[in-house]
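coords.cif (mmCIF, C-alpha atoms) appears below.
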data_run
#
loop_
_atom_site.label_atom_id
_atom_site.label_comp_id
_atom_site.auth_asym_id
_atom_site.auth_seq_id
_atom_site.Cartn_x
_atom_site.Cartn_y
_atom_site.Cartn_z
CA MET A 20 11.54 -24.11 3.52
CA ARG A 21 11.55 -20.37 4.07
CA THR A 22 8.31 -18.69 4.99
CA GLN A 23 6.97 -15.52 3.45
CA ARG A 24 7.71 -13.67 6.70
CA SER A 25 11.34 -14.82 6.84
CA MET A 26 11.89 -13.82 3.21
CA GLY A 27 10.37 -10.41 4.00
CA LEU A 28 12.77 -10.00 6.94
CA GLU A 29 15.69 -10.92 4.67
CA LEU A 30 14.59 -8.17 2.27
CA VAL A 31 14.50 -5.62 5.08
CA TRP A 32 17.98 -6.61 6.30
CA ALA A 33 19.34 -6.55 2.75
CA LEU A 34 18.00 -3.04 2.24
CA VAL A 35 19.21 -1.78 5.61
CA PHE A 36 22.73 -3.14 5.31
CA GLY A 37 22.94 -2.51 1.58
CA LEU A 38 21.96 1.16 1.78
CA ILE A 39 24.31 2.11 4.60
CA GLY A 40 27.40 0.44 3.19
CA PRO A 41 30.02 2.27 1.13
CA GLY A 42 30.10 2.38 -2.65
CA ALA A 43 27.14 0.61 -4.18
CA ALA A 44 24.07 -0.81 -2.46
CA HIS A 45 22.94 -4.34 -3.40
CA ALA A 46 19.53 -5.92 -2.85
CA PHE A 47 18.11 -8.98 -4.59
CA GLY A 48 20.31 -8.71 -7.67
CA ILE A 49 20.00 -4.92 -8.05
CA SER A 50 22.80 -2.51 -7.20
CA VAL A 51 22.82 1.27 -7.20
CA ALA A 52 25.77 3.65 -7.15
CA PRO A 53 26.20 6.12 -5.60
CA THR A 54 24.03 5.31 -2.56
CA ALA A 55 22.63 8.85 -2.34
CA ILE A 56 21.38 11.28 -4.96
CA LEU A 57 23.83 14.20 -4.97
CA LEU A 58 22.23 17.20 -6.67
CA ASN A 59 24.46 19.90 -8.11
CA PRO A 60 23.30 23.04 -6.23
CA LYS A 61 23.66 25.29 -9.32
CA THR A 62 21.98 23.11 -11.95
CA GLY A 63 19.86 20.67 -9.91
CA PHE A 64 21.28 17.75 -11.92
CA ALA A 65 22.35 14.36 -10.59
CA HIS A 66 22.93 10.88 -11.96
CA LEU A 67 23.28 7.34 -10.68
CA GLU A 68 23.65 3.87 -12.12
CA LEU A 69 21.37 0.91 -11.52
CA SER A 70 22.71 -2.57 -12.33
CA ASN A 71 20.88 -5.88 -12.60
CA GLN A 72 22.81 -9.01 -11.66
CA SER A 73 19.78 -11.31 -11.90
CA ASN A 74 18.68 -13.40 -14.88
CA LEU A 75 15.35 -11.53 -15.27
CA THR A 76 14.54 -8.14 -16.78
CA ARG A 77 13.61 -5.69 -14.01
CA ARG A 78 11.64 -2.46 -14.49
CA PHE A 79 11.48 0.53 -12.12
CA THR A 80 9.79 3.90 -11.78
CA VAL A 81 10.93 6.82 -9.63
CA GLU A 82 8.80 8.73 -7.14
CA ALA A 83 9.45 11.06 -4.22
CA ALA A 84 8.39 10.18 -0.67
CA ASP A 85 6.31 13.39 -0.68
CA PRO A 86 3.84 13.15 -3.63
CA GLN A 87 3.99 16.93 -4.13
CA GLN A 88 7.77 16.71 -4.62
CA THR A 89 7.48 14.04 -7.35
CA ALA A 90 6.52 16.77 -9.86
CA CYS A 91 9.77 18.61 -9.03
CA TYR A 92 11.91 15.83 -10.51
CA ARG A 93 12.60 15.19 -14.16
CA VAL A 94 13.85 11.64 -14.59
CA SER A 95 15.40 10.15 -17.70
CA PRO A 96 14.46 7.50 -18.59
CA ARG A 97 11.03 7.78 -16.93
CA GLN A 98 10.67 4.00 -16.79
CA ILE A 99 13.93 2.18 -16.14
CA SER A 100 14.30 -1.21 -17.80
CA LEU A 101 17.27 -3.33 -16.75
CA PRO A 102 17.99 -6.41 -18.88
CA PRO A 103 19.69 -9.40 -17.23
CA ASP A 104 23.30 -8.50 -16.36
CA GLY A 105 22.65 -4.98 -17.67
CA SER A 106 22.86 -1.49 -16.25
CA GLN A 107 21.30 1.92 -16.85
CA VAL A 108 22.45 5.42 -16.00
CA VAL A 109 19.55 7.44 -14.62
CA ARG A 110 19.68 11.22 -14.93
CA LEU A 111 17.68 13.45 -12.62
CA GLN A 112 16.98 17.16 -12.47
CA TYR A 113 15.33 18.96 -9.58
CA THR A 114 13.27 21.75 -11.15
CA CYS A 115 11.82 23.44 -8.02
CA LYS A 116 13.69 25.81 -5.70
CA MET A 117 16.74 24.11 -4.22
CA GLU A 118 15.91 25.50 -0.77
CA ASP A 119 12.62 23.51 -0.91
CA ILE A 120 14.53 20.22 -0.58
CA GLN A 121 13.94 18.88 2.90
CA GLU A 122 16.85 17.51 4.91
CA ASN A 123 15.63 13.90 4.88
CA SER A 124 13.90 13.79 1.50
CA LEU A 125 13.90 10.46 -0.31
CA LEU A 126 13.43 9.26 -3.87
CA TYR A 127 12.09 5.74 -4.28
CA PHE A 128 12.98 3.42 -7.12
CA THR A 129 9.94 1.12 -7.17
CA GLU A 130 10.02 -2.12 -9.12
CA LEU A 131 7.09 -2.65 -11.47
CA PRO A 132 5.31 -6.03 -11.60
CA ALA A 133 6.98 -8.65 -13.77
CA ASP A 134 5.71 -9.01 -17.30
CA PRO A 135 3.47 -12.14 -17.39
CA GLN A 136 5.17 -13.18 -20.62
CA ALA A 137 8.55 -13.16 -18.84
CA GLY A 138 7.86 -16.49 -17.14
CA ALA A 139 5.96 -15.50 -14.00
CA THR A 140 2.63 -17.22 -13.51
CA PRO A 141 -0.31 -15.50 -11.78
CA VAL A 142 -0.16 -17.90 -8.80
CA GLN A 143 3.56 -17.41 -8.26
CA LEU A 144 4.59 -15.23 -5.31
CA GLN A 145 6.52 -12.19 -6.50
CA PHE A 146 8.61 -9.73 -4.52
CA ARG A 147 8.93 -6.18 -5.76
CA LEU A 148 11.85 -4.10 -4.63
CA ARG A 149 11.56 -0.49 -3.44
CA LEU A 150 14.90 1.27 -2.95
CA GLY A 151 14.86 4.57 -1.07
CA LEU A 152 17.76 6.95 -1.70
CA LYS A 153 18.44 10.16 0.22
CA VAL A 154 18.51 13.36 -1.80
CA LYS A 155 21.32 15.75 -0.89
CA THR A 156 22.78 18.88 -2.41
CA GLN A 157 26.41 18.42 -3.30
CA GLN A 158 28.45 20.90 -1.23
CA SER A 159 31.84 20.31 -2.87
CA THR A 160 33.49 17.61 -4.92
CA LEU A 161 35.97 16.88 -2.16
CA GLY A 162 33.20 16.66 0.44
CA THR A 163 31.39 13.91 -1.48
CA LEU A 164 34.43 11.63 -1.39
CA PHE A 165 34.28 11.15 2.38
#
Could I get this file's structure written as structure tokens?
Amino acid sequence: MRTQRSMGLELVWALVFGLIGPGAAHAFGISVAPTAILLNPKTGFAHLELSNQSNLTRRFTVEAADPQQTACYRVSPRQISLPPDGSQVVRLQYTCKMEDIQENSLLYFTELPADPQAGATPVQLQFRLRLGLKVKTQQSTLGTLF
């Protein structure tokens, strides 16, 4: 039987290896592509796709690592709901000055608690996923391919 600590370590390894791999990152039934948020330097727009390969509906919100930067992002939809085997395109716009983006800024996709009516009981241990994606300004289309 796996302990809570060993399951926590598995989550860390899944996030580490999932986020540095090419293409899409996968962790506990959730994948995201691309693995970084590439903002268009002229418009501040970006998009990515979250997919749910689990058999439960998963819900996420988006927040910046720096709380003051969270207000600089418009996210659509504001609360992401992923049905089982479903996906959602998430659109983002950075509304502050582009030069205010720090080199290592992150946006976190934080899973919300499961709906009690979805089958989880109050005594059941639940893991909530928090995916951190780097925010970068897209220099050129060709440069983002490599």
Query raised in the report: CA of Ala84 in chain A to CA of Gly63 in chain A: how many Å, to one decimal?
Result: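 It comes out at 18.1 Å.
Across A:Glu118, A:Asp85, A:Glu68, A:Glu130, the tightest approach to Thr54 in chain A is made by A:Glu68 when counting all atoms listed in the file.
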**Report entry** Neighbour list for Ile99 in chain A as a PyMOL selection string, cut-off 9 Å, only C-alpha atoms, skip fewer than 6 positions in-chain
**Finding:** chain A and resi 69+77-81+107+109
Report task. Would you please work out which residue, of A:Leu131, A:Pro96, A:Tyr113, A:Gln72, is nearest to Pro60 in chain A when using all atoms listed in the file? Result ->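 Nearest to Pro60 in chain A: A:Tyr113.
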Query raised in the report: Of the candidates A:Ala83, A:Leu152, A:Ala55, A:Val94, which shows the shortest atom-to-atom distance to Arg110 in chain A, using all atoms listed in the file?
Result: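 Nearest to Arg110 in chain A: A:Val94.
Coordinates place CA of Gln87 in chain A at a distance of 27.1 Å from CA of Phe146 in chain A.
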Query raised in the report: With distances taken over only C-alpha atoms, which of A:Ser124, A:Thr156, A:Ser95, A:Gln88 is nearest to Leu58 in chain A?
Result: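 Nearest to Leu58 in chain A: A:Thr156.
Considering all atoms listed in the file, the residue among A:Leu101, A:Ile56, A:Cys91, A:Ala65 positioned nearest to Lys116 in chain A is A:Cys91.
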Report task. I need the residue set behind the PyMOL selection byres ((chain A and resi 71) around 10) for this file; please write it as a PyMOL selection string. Result -> chain A and resi 45-51+69-70+72-77+100-107
Query raised in the report: Could you state the separation of CA of Arg149 in chain A and CA of Tyr127 in chain A in Å, given to one decimal place?
Result: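 Between these atoms lies a distance of 6.3 Å.
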**Report entry** Top pick for closest residue to Leu150 in chain A, considering A:Glu82, A:Gln112, A:Arg97, A:Asn59 and counting all atoms listed in the file
**Finding:**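 Smallest distance to Leu150 in chain A is found for A:Glu82.
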